[in-house]
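Participant: You'll find protein.pdb just under this line, and it carries PDB, C-alpha atoms and all ligand atoms.
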```pdb
ATOM      1  CA  MET R 267      -7.550  16.889  11.146
ATOM      2  CA  ALA R 268      -3.949  17.911  10.537
ATOM      3  CA  ASP R 269      -3.200  19.373   7.113
ATOM      4  CA  PRO R 270      -3.203  16.336   4.805
ATOM      5  CA  ARG R 271      -1.633  18.083   1.786
ATOM      6  CA  PRO R 272       2.060  17.340   2.427
ATOM      7  CA  TYR R 273       1.170  13.774   3.373
ATOM      8  CA  LYS R 274      -0.805  13.377   0.167
ATOM      9  CA  LYS R 275       2.216  14.582  -1.762
ATOM     10  CA  LEU R 276       4.422  12.120   0.106
ATOM     11  CA  LEU R 277       2.113   9.208  -0.613
ATOM     12  CA  ARG R 278       1.947  10.105  -4.310
ATOM     13  CA  LEU R 279       5.765  10.094  -4.483
ATOM     14  CA  VAL R 280       5.919   6.793  -2.618
ATOM     15  CA  MET R 281       3.411   5.133  -4.931
ATOM     16  CA  ARG R 282       5.380   6.193  -7.979
ATOM     17  CA  ALA R 283       8.715   5.156  -6.480
ATOM     18  CA  PHE R 284       7.727   1.806  -4.949
ATOM     19  CA  TYR R 285       4.413   0.651  -6.439
ATOM     20  CA  PRO R 286       4.281   1.507 -10.151
ATOM     21  CA  GLY R 287       3.871  -2.133 -11.224
ATOM     22  CA  PRO R 288       1.077  -4.704 -10.931
ATOM     23  CA  CYS R 289      -0.934  -4.460  -7.724
ATOM     24  CA  PRO R 290      -0.335  -6.768  -5.963
ATOM     25  CA  PRO R 291       3.083  -7.520  -7.492
ATOM     26  CA  LYS R 292       3.417 -10.931  -9.139
ATOM     27  CA  HIS R 293       5.549 -12.409  -6.373
ATOM     28  CA  HIS R 294       2.962 -11.415  -3.799
ATOM     29  CA  GLN R 295       0.154 -13.315  -5.470
ATOM     30  CA  ASP R 296      -0.637 -16.506  -3.665
ATOM     31  CA  GLU R 297      -0.722 -19.552  -5.947
ATOM     32  CA  ALA R 298      -3.390 -21.143  -3.754
ATOM     33  CA  ASP R 299      -5.514 -18.031  -4.198
ATOM     34  CA  GLU R 300      -8.775 -18.845  -5.966
ATOM     35  CA  MET R 301      -8.048 -16.006  -8.387
ATOM     36  CA  ALA R 302      -4.759 -17.493  -9.518
ATOM     37  CA  ARG R 303      -6.640 -20.006 -11.658
ATOM     38  CA  SER R 304      -9.534 -17.797 -12.720
ATOM     39  CA  LYS R 305      -9.532 -15.605 -15.789
ATOM     40  CA  LEU R 306      -9.203 -12.572 -13.532
ATOM     41  CA  ALA R 307      -5.596 -13.599 -12.927
ATOM     42  CA  LYS R 308      -4.808 -12.578 -16.500
ATOM     43  CA  ILE R 309      -5.994  -9.002 -16.046
ATOM     44  CA  ASP R 310      -3.072  -6.588 -16.070
ATOM     45  CA  THR R 311      -3.164  -4.596 -12.831
ATOM     46  CA  THR R 312      -0.149  -2.424 -13.610
ATOM     47  CA  GLY R 313      -0.706   1.000 -12.063
ATOM     48  CA  LEU R 314      -3.809  -0.085 -10.148
ATOM     49  CA  GLY R 315      -2.118   0.747  -6.834
ATOM     50  CA  ILE R 316      -1.547   4.322  -7.977
ATOM     51  CA  VAL R 317      -5.125   4.622  -9.272
ATOM     52  CA  LEU R 318      -6.622   3.306  -6.027
ATOM     53  CA  VAL R 319      -4.513   5.586  -3.862
ATOM     54  CA  GLU R 320      -5.314   8.623  -6.054
ATOM     55  CA  TYR R 321      -8.984   7.783  -5.662
ATOM     56  CA  LEU R 322      -8.809   7.387  -1.879
ATOM     57  CA  LEU R 323      -6.675  10.510  -1.448
ATOM     58  CA  GLU R 324      -9.615  12.551  -2.730
ATOM     59  CA  ARG R 325     -12.020  10.911  -0.305
ATOM     60  CA  GLU R 326     -12.133   9.633   3.255
ATOM     61  CA  TRP R 327     -13.803   6.318   4.181
ATOM     62  CA  VAL R 328     -15.350   4.732   1.077
ATOM     63  CA  PRO R 329     -17.372   1.503   0.739
ATOM     64  CA  GLU R 330     -15.528  -1.141  -1.275
ATOM     65  CA  GLU R 331     -18.332  -1.677  -3.789
ATOM     66  CA  GLN R 332     -18.390   2.042  -4.508
ATOM     67  CA  ILE R 333     -14.654   2.048  -5.225
ATOM     68  CA  ALA R 334     -15.035  -0.859  -7.636
ATOM     69  CA  SER R 335     -18.002   0.709  -9.379
ATOM     70  CA  ASP R 336     -16.466   4.206  -9.615
ATOM     71  CA  LEU R 337     -13.255   2.798 -11.065
ATOM     72  CA  GLY R 338     -15.071   0.341 -13.319
ATOM     73  CA  GLN R 339     -13.013  -2.586 -12.009
ATOM     74  CA  HIS R 340     -14.045  -6.071 -10.970
ATOM     75  CA  HIS R 341     -14.636  -6.050  -7.219
ATOM     76  CA  LYS R 342     -12.333  -9.051  -6.689
ATOM     77  CA  ILE R 343      -9.482  -7.236  -8.413
ATOM     78  CA  VAL R 344     -10.114  -4.126  -6.323
ATOM     79  CA  ARG R 345     -10.384  -6.105  -3.103
ATOM     80  CA  ARG R 346      -7.166  -8.024  -3.687
ATOM     81  CA  ALA R 347      -5.284  -4.816  -4.517
ATOM     82  CA  LEU R 348      -6.636  -3.027  -1.433
ATOM     83  CA  LYS R 349      -5.647  -5.955   0.768
ATOM     84  CA  PHE R 350      -2.143  -5.736  -0.608
ATOM     85  CA  LEU R 351      -2.034  -1.979   0.053
ATOM     86  CA  GLU R 352      -3.276  -2.665   3.585
ATOM     87  CA  HIS R 353      -0.489  -5.211   4.041
ATOM     88  CA  GLU R 354       1.934  -2.484   2.914
ATOM     89  CA  HIS R 355       0.561  -0.092   5.578
ATOM     90  CA  ILE R 356      -0.841   2.347   3.013
ATOM     91  CA  VAL R 357      -4.598   1.934   3.444
ATOM     92  CA  MET R 358      -6.774   0.665   6.275
ATOM     93  CA  GLY R 359      -9.887  -1.447   5.946
ATOM     94  CA  GLU R 360     -12.870  -2.088   8.180
ATOM     95  CA  HIS R 361     -15.175  -5.005   7.622
ATOM     96  CA  ARG R 362     -18.648  -4.985   9.148
ATOM     97  CA  ARG R 363     -21.564  -7.346   9.179
ATOM     98  CA  GLU R 364     -24.567  -5.375   8.039
ATOM     99  CA  THR R 365     -28.198  -6.386   7.859
ATOM    100  CA  LYS R 366     -30.813  -5.082   5.471
ATOM    101  CA  ARG R 367     -32.443  -3.207   8.318
ATOM    102  CA  MET R 368     -29.213  -1.302   8.972
ATOM    103  CA  GLN R 369     -29.281   0.069   5.427
ATOM    104  CA  LYS R 370     -31.854   2.619   6.525
ATOM    105  CA  THR R 371     -30.749   3.547  10.034
ATOM    106  CA  ASP R 372     -26.995   3.146  10.117
ATOM    107  CA  VAL R 373     -24.862   6.298  10.341
ATOM    108  CA  VAL R 374     -21.996   4.833   8.275
ATOM    109  CA  LYS R 375     -24.400   3.891   5.467
ATOM    110  CA  ALA R 376     -26.093   7.283   5.546
ATOM    111  CA  VAL R 377     -22.902   9.317   5.554
ATOM    112  CA  THR R 378     -21.089   7.364   2.837
ATOM    113  CA  ALA R 379     -24.194   7.434   0.622
ATOM    114  CA  THR R 380     -24.655  11.186   1.098
ATOM    115  CA  LYS R 381     -21.002  11.867   0.390
ATOM    116  CA  ALA R 382     -21.070   9.751  -2.761
ATOM    117  CA  GLN R 383     -24.140  11.588  -3.960
ATOM    118  CA  GLN R 384     -22.657  15.008  -3.220
ATOM    119  CA  LEU R 385     -19.498  14.103  -5.105
ATOM    120  CA  ALA R 386     -21.494  12.756  -8.041
ATOM    121  CA  GLU R 387     -23.522  15.981  -8.178
ATOM    122  CA  ALA R 388     -20.419  18.133  -7.898
ATOM    123  CA  THR R 389     -18.743  16.331 -10.771
ATOM    124  CA  GLY R 390     -21.931  16.060 -12.800
ATOM    125  CA  ALA R 391     -21.624  12.306 -12.815
ATOM    126  CA  ALA R 392     -24.926  11.457 -11.157
ATOM    127  CA  LYS R 393     -25.588   7.758 -11.503
ATOM    128  CA  GLU R 394     -28.730   6.193 -12.830
ATOM    129  CA  GLY R 395     -30.529   3.504 -10.820
ATOM    130  CA  GLY R 396     -27.898   0.784 -10.709
ATOM    131  CA  ASP R 397     -30.332  -2.019  -9.908
ATOM    132  CA  ASP R 398     -27.878  -4.771 -10.769
ATOM    133  CA  ASP R 399     -25.357  -3.475  -8.264
ATOM    134  CA  GLU R 400     -28.078  -3.178  -5.665
ATOM    135  CA  ASP R 401     -29.014  -6.842  -6.070
ATOM    136  CA  ALA R 402     -25.453  -8.023  -5.813
ATOM    137  CA  VAL R 403     -24.919  -5.956  -2.705
ATOM    138  CA  GLN R 404     -27.986  -7.326  -0.917
ATOM    139  CA  LYS R 405     -26.632 -10.846  -1.104
ATOM    140  CA  GLN R 406     -23.502  -9.947   0.808
ATOM    141  CA  HIS R 407     -23.390  -9.744   4.542
ATOM    142  CA  THR R 408     -19.983  -8.345   5.249
ATOM    143  CA  TYR R 409     -19.232  -4.886   3.909
ATOM    144  CA  SER R 410     -15.775  -3.410   3.630
ATOM    145  CA  TYR R 411     -14.718   0.211   3.845
ATOM    146  CA  TRP R 412     -11.334   1.638   2.968
ATOM    147  CA  ALA R 413      -9.374   4.807   3.721
ATOM    148  CA  VAL R 414      -5.789   6.025   3.488
ATOM    149  CA  ASP R 415      -3.850   5.245   6.675
ATOM    150  CA  TYR R 416      -1.566   8.292   6.968
ATOM    151  CA  PRO R 417       0.140   7.472  10.303
ATOM    152  CA  ARG R 418       1.107   3.925   9.363
ATOM    153  CA  MET R 419       2.077   5.002   5.845
ATOM    154  CA  TYR R 420       4.438   7.623   7.272
ATOM    155  CA  ASP R 421       6.083   5.110   9.620
ATOM    156  CA  MET R 422       6.420   2.598   6.806
ATOM    157  CA  VAL R 423       8.168   5.106   4.522
ATOM    158  CA  GLN R 424      10.565   6.187   7.252
ATOM    159  CA  LEU R 425      11.502   2.621   8.078
ATOM    160  CA  ARG R 426      11.831   1.642   4.458
ATOM    161  CA  LEU R 427      14.235   4.488   3.704
ATOM    162  CA  PHE R 428      16.244   3.676   6.805
ATOM    163  CA  VAL R 429      16.554  -0.025   6.039
ATOM    164  CA  MET R 430      17.425   0.458   2.379
ATOM    165  CA  ARG R 431      20.175   2.917   3.217
ATOM    166  CA  ARG R 432      21.584   0.848   6.029
ATOM    167  CA  LEU R 433      21.762  -2.367   4.047
ATOM    168  CA  ILE R 434      23.598  -0.820   1.168
ATOM    169  CA  LYS R 435      25.854   1.434   3.252
ATOM    170  CA  ASP R 436      26.859  -1.527   5.414
ATOM    171  CA  GLU R 437      27.995  -3.334   2.371
ATOM    172  CA  VAL R 438      29.785  -0.405   0.794
ATOM    173  CA  ASP R 439      31.660   0.030   4.075
ATOM    174  CA  ALA R 440      32.550  -3.635   4.456
ATOM    175  CA  ARG R 441      35.639  -3.909   2.316
ATOM    176  CA  GLU R 442      36.495  -7.557   2.625
ATOM    177  CA  VAL R 443      33.276  -9.337   3.374
ATOM    178  CA  LEU R 444      30.685  -9.950   0.752
ATOM    179  CA  ALA R 445      27.158  -9.773   2.044
ATOM    180  CA  LYS R 446      24.857 -12.466   0.861
ATOM    181  CA  TYR R 447      21.203 -12.901   1.663
ATOM    182  CA  MET R 448      19.361 -16.172   1.805
ATOM    183  CA  CYS R 449      15.797 -17.350   2.131
ATOM    184  CA  LYS R 450      15.429 -19.371   5.343
ATOM    185  CA  ALA R 451      12.603 -21.547   4.050
ATOM    186  CA  PRO R 452      14.163 -25.039   3.762
ATOM    187  CA  GLN R 453      12.414 -25.898   0.518
ATOM    188  CA  CYS R 454      13.512 -22.620  -1.086
ATOM    189  CA  GLY R 455      16.899 -21.325   0.056
ATOM    190  CA  ARG R 456      17.098 -18.767  -2.709
ATOM    191  CA  GLU R 457      20.059 -16.410  -2.514
ATOM    192  CA  TYR R 458      19.982 -12.665  -2.990
ATOM    193  CA  THR R 459      22.425  -9.798  -3.157
ATOM    194  CA  SER R 460      22.141  -6.165  -2.084
ATOM    195  CA  PHE R 461      20.881  -5.312  -5.533
ATOM    196  CA  ASP R 462      17.690  -7.231  -4.778
ATOM    197  CA  MET R 463      17.021  -5.409  -1.508
ATOM    198  CA  PRO R 464      14.516  -2.843  -2.801
ATOM    199  CA  ASP R 465      12.202  -5.709  -3.838
ATOM    200  CA  LEU R 466      12.556  -7.638  -0.600
ATOM    201  CA  ILE R 467      11.909  -5.036   2.085
ATOM    202  CA  THR R 468       8.543  -5.342   3.804
ATOM    203  CA  PRO R 469       6.650  -2.570   5.638
ATOM    204  CA  ASP R 470       7.997  -3.718   8.997
ATOM    205  CA  GLY R 471      11.603  -3.589   7.802
ATOM    206  CA  THR R 472      12.205  -7.317   7.472
ATOM    207  CA  LEU R 473      13.215  -9.013   4.242
ATOM    208  CA  CYS R 474      10.801 -11.299   2.463
ATOM    209  CA  CYS R 475      11.615 -13.873  -0.234
ATOM    210  CA  THR R 476      10.072 -12.993  -3.593
ATOM    211  CA  MET R 477       9.826 -16.675  -4.516
ATOM    212  CA  CYS R 478       8.126 -18.106  -1.444
ATOM    213  CA  THR R 479       7.558 -15.122   0.923
ATOM    214  CA  GLY R 480       9.866 -16.820   3.462
ATOM    215  CA  VAL R 481      12.137 -14.809   5.746
ATOM    216  CA  VAL R 482      15.352 -13.643   4.118
ATOM    217  CA  GLU R 483      18.410 -13.148   6.315
ATOM    218  CA  GLN R 484      21.864 -11.826   5.739
ATOM    219  CA  VAL R 485      24.519 -14.503   5.684
ATOM    220  CA  LEU R 486      28.033 -13.165   5.703
ATOM    221  CA  ALA R 487      30.211 -15.130   3.388
ATOM    222  CA  THR R 488      33.464 -15.908   5.147
ATOM    223  CA  GLY R 489      35.352 -17.031   2.111
ATOM    224  CA  GLN R 490      35.954 -14.349  -0.452
ATOM    225  CA  THR R 491      34.594 -15.075  -3.849
ATOM    226  CA  GLY R 492      36.048 -13.438  -6.889
ATOM    227  CA  ASP R 493      39.397 -11.744  -7.297
ATOM    228  CA  ASP R 494      40.363  -8.196  -6.326
ATOM    229  CA  GLU R 495      39.247  -6.826  -9.659
ATOM    230  CA  GLN R 496      35.769  -8.337  -9.274
ATOM    231  CA  ARG R 497      35.464  -7.044  -5.727
ATOM    232  CA  LYS R 498      36.450  -3.559  -6.817
ATOM    233  CA  GLU R 499      33.909  -3.689  -9.606
ATOM    234  CA  ARG R 500      31.239  -4.844  -7.182
ATOM    235  CA  ARG R 501      31.993  -2.048  -4.746
ATOM    236  CA  LYS R 502      31.730   0.465  -7.532
ATOM    237  CA  ARG R 503      28.332  -0.905  -8.521
ATOM    238  CA  LEU R 504      27.128  -0.745  -4.925
ATOM    239  CA  GLN R 505      28.282   2.820  -4.518
ATOM    240  CA  GLN R 506      26.506   3.717  -7.723
ATOM    241  CA  LEU R 507      23.367   1.977  -6.474
ATOM    242  CA  LEU R 508      23.518   4.032  -3.299
ATOM    243  CA  VAL R 509      23.941   7.248  -5.271
ATOM    244  CA  ASP R 510      21.094   6.339  -7.640
ATOM    245  CA  MET R 511      18.865   5.432  -4.757
ATOM    246  CA  GLU R 512      19.595   8.647  -2.872
ATOM    247  CA  ASP R 513      18.892  10.574  -6.065
ATOM    248  CA  GLN R 514      15.660   8.815  -6.796
ATOM    249  CA  LEU R 515      14.435   8.891  -3.238
ATOM    250  CA  LYS R 516      15.567  12.405  -2.420
ATOM    251  CA  PRO R 517      12.129  14.002  -2.792
ATOM    252  CA  VAL R 518      10.652  11.276  -0.556
ATOM    253  CA  ALA R 519      13.442  11.562   2.025
ATOM    254  CA  ASP R 520      13.258  15.376   2.077
ATOM    255  CA  LEU R 521       9.531  15.335   2.642
ATOM    256  CA  VAL R 522       9.781  12.684   5.368
ATOM    257  CA  LEU R 523      12.326  14.872   7.144
ATOM    258  CA  ALA R 524      10.235  18.026   6.762
ATOM    259  CA  LEU R 525       7.204  16.267   8.236
ATOM    260  CA  ARG R 526       9.024  14.840  11.230
ATOM    261  CA  ASN R 527       7.416  17.250  13.689
ATOM    262  CA  ALA R 528       4.142  17.810  11.865
ATOM    263  CA  ALA R 529       0.869  16.379  13.106
ATOM    264  CA  VAL R 530      -0.158  13.363  11.042
ATOM    265  CA  PRO R 531      -3.679  13.431   9.606
ATOM    266  CA  HIS R 532      -5.803  10.457  10.483
ATOM    267  CA  HIS R 533      -9.324   9.489   9.422
ATOM    268  CA  GLY R 534      -9.859   7.479  12.604
ATOM    269  CA  ALA R 535     -12.175   4.518  13.081
ATOM    270  CA  LEU R 536     -15.001   4.250  10.562
ATOM    271  CA  ILE R 537     -17.843   4.684  13.061
ATOM    272  CA  ASP R 538     -16.248   7.702  14.798
ATOM    273  CA  TRP R 539     -15.555   9.293  11.453
ATOM    274  CA  ALA R 540     -19.163   8.716  10.311
ATOM    275  CA  LYS R 541     -20.578  10.348  13.436
ATOM    276  CA  VAL R 542     -18.417  13.438  12.980
ATOM    277  CA  GLN R 543     -19.337  13.618   9.293
ATOM    278  CA  GLN R 544     -23.024  13.296  10.070
ATOM    279  CA  ALA R 545     -22.852  16.132  12.572
ATOM    280  CA  LYS R 546     -21.107  18.243   9.921
ATOM    281  CA  LEU R 547     -23.665  17.383   7.265
ATOM    282  CA  VAL R 548     -26.557  18.245   9.563
ATOM    283  CA  GLY R 549     -24.821  21.367  10.874
ATOM    284  CA  GLY R 550     -24.011  22.541   7.366
ATOM    285  CA  GLY R 551     -27.667  22.297   6.331
ATOM    286  CA  ALA R 552     -26.789  19.575   3.848
ATOM    287  CA  GLY R 553     -28.209  16.862   6.031
ATOM    288  CA  ALA R 554     -30.999  15.667   3.773
ATOM    289  CA  GLY R 555     -31.234  11.909   4.029
ATOM    290  CA  ALA R 556     -28.536  11.673   6.669
ATOM    291  CA  GLY R 557     -29.983   8.919   8.772
ATOM    292  CA  GLU R 558     -33.490   9.722   9.885
TER     293      GLU R 558
HETATM  294 ZN    ZN R 601      12.157 -18.360  -0.409
END
```
Represent the structure from my file as structure tokens, please.
Ligand SMILES: [Zn+2]
Facilitator:
Amino acid sequence: MADPRPYKKLLRLVMRAFYPGPCPPKHHQDEADEMARSKLAKIDTTGLGIVLVEYLLEREWVPEEQIASDLGQHHKIVRRALKFLEHEHIVMGEHRRETKRMQKTDVVKAVTATKAQQLAEATGAAKEGGDDDEDAVQKQHTYSYWAVDYPRMYDMVQLRLFVMRRLIKDEVDAREVLAKYMCKAPQCGREYTSFDMPDLITPDGTLCCTMCTGVVEQVLATGQTGDDEQRKERRKRLQQLLVDMEDQLKPVADLVLALRNAAVPHHGALIDWAKVQQAKLVGGGAGAGAGE
């Protein structure tokens, strides 16, 4: 795999710049979601995105229940946050139906269990039995695994930088026309300005309403609102926003540029990854318990 270190650094910067708040952010939480009405909804998830990414950066593919148990978080909270990070093109998930029989013969099961054990031994945090967890796990049928998705993350960051710059530069350059943005959902129609852009940009470069997740489009106001003094003031604020943004995002932008021709690390599909890992574990003489 390509050297993941610069990409890890990039992702850490991105998480701090774009995802320091609740994970998922409030406006991304679906009201119809079963969790919205449960007591879990009240749990403060500020910084959870950063914690999850830090955790996954130190590992490769990890079973969801292991993530939840290692971080001491409710599995529903962890799952919802990971789904949001997947939606943002930061992590990738695989969901497999697994039978009890597979627990003993499956390469993915064997490799992830061995790796977890090795890590626990290395950090001196060997776990005791965990019978309760075991019971809960047996009742499930679909198991989820998560890993950092470096290639999609890199594309997302590039696009995000590009879109943010373009939107604001366009408006700084347009002397006479005030850009306005509007949610296209008929029942919503909320209006935005350039100052809201950082919150609206999605991983694919479109703009998404923070009230209703509808599509937000630029509507160019033909009539000029405000007098000359107000327009001048507004332009000044926009220019300052551009400067602030460039300042704040400079480390991210520099790293993106430096990595333009570098090979992107990729964990690959779960099953392919597990097979390679198993071969390594066996080859390295550390293959005890690896799927006999
Ligand atoms: Zn809306």
Participant: Which residues would end up in the selection if the PyMOL selection byres (((chain R and resi 286) around 7) and not hetatm) were applied here, given that I need the answer as a ChimeraX atom specification?
Facilitator: /R:281-285,287,312-313,316
Participant: Give me, please, the distance in Å between atom CA of R:Leu547 and atom CA of R:Ile333, quoted to one decimal.
Facilitator: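 Atom CA of R:Ile333 lies at a distance of 21.7 Å from atom CA of R:Leu547.
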Participant: Could you state which residues are captured by the PyMOL selection byres (((not hetatm)) within 6 of (chain R and resi 601)) in this file, as a list in words?
Facilitator: Cys449, Ala451, Cys454, Gly455, Arg456, Cys475, Met477, Cys478, Thr479 and Gly480 of chain R
Participant: Going by the chain IDs and residue numbers used in this file, which residues fall under the PyMOL selection byres (((chain R and resi 530) around 10) and not hetatm)? Write them as a CSV table (one decimal) with C-alpha atoms, keeping the file's coordinate frame.
Facilitator:
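Everything below was put into expr-v3.csv:
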```
chain,number,residue,atom,x,y,z
R,267,MET,CA,-7.6,16.9,11.1
R,268,ALA,CA,-3.9,17.9,10.5
R,269,ASP,CA,-3.2,19.4,7.1
R,270,PRO,CA,-3.2,16.3,4.8
R,272,PRO,CA,2.1,17.3,2.4
R,273,TYR,CA,1.2,13.8,3.4
R,415,ASP,CA,-3.8,5.2,6.7
R,416,TYR,CA,-1.6,8.3,7.0
R,417,PRO,CA,0.1,7.5,10.3
R,418,ARG,CA,1.1,3.9,9.4
R,420,TYR,CA,4.4,7.6,7.3
R,525,LEU,CA,7.2,16.3,8.2
R,526,ARG,CA,9.0,14.8,11.2
R,527,ASN,CA,7.4,17.2,13.7
R,528,ALA,CA,4.1,17.8,11.9
R,529,ALA,CA,0.9,16.4,13.1
R,531,PRO,CA,-3.7,13.4,9.6
R,532,HIS,CA,-5.8,10.5,10.5
```
Participant: When you draw a straight line from atom CA of R:Arg501 to atom CA of R:Lys446, how long is it in Å?
Facilitator: 13.8 Å
Participant: List the spatial neighbours of stretch 511-522 of chain R as an MDAnalysis selection string - criterion: any atom at most 7 Å away, all atoms listed in the file, same-chain residues fewer than 5 positions off excluded.
Facilitator: chainID R and resid 276 279:280 424
Participant: Would you please work out which residue, of R:Arg367, R:Asp336, R:Pro288, R:Thr459, is nearest to R:Leu351 when using all atoms listed in the file?
Facilitator: R:Pro288
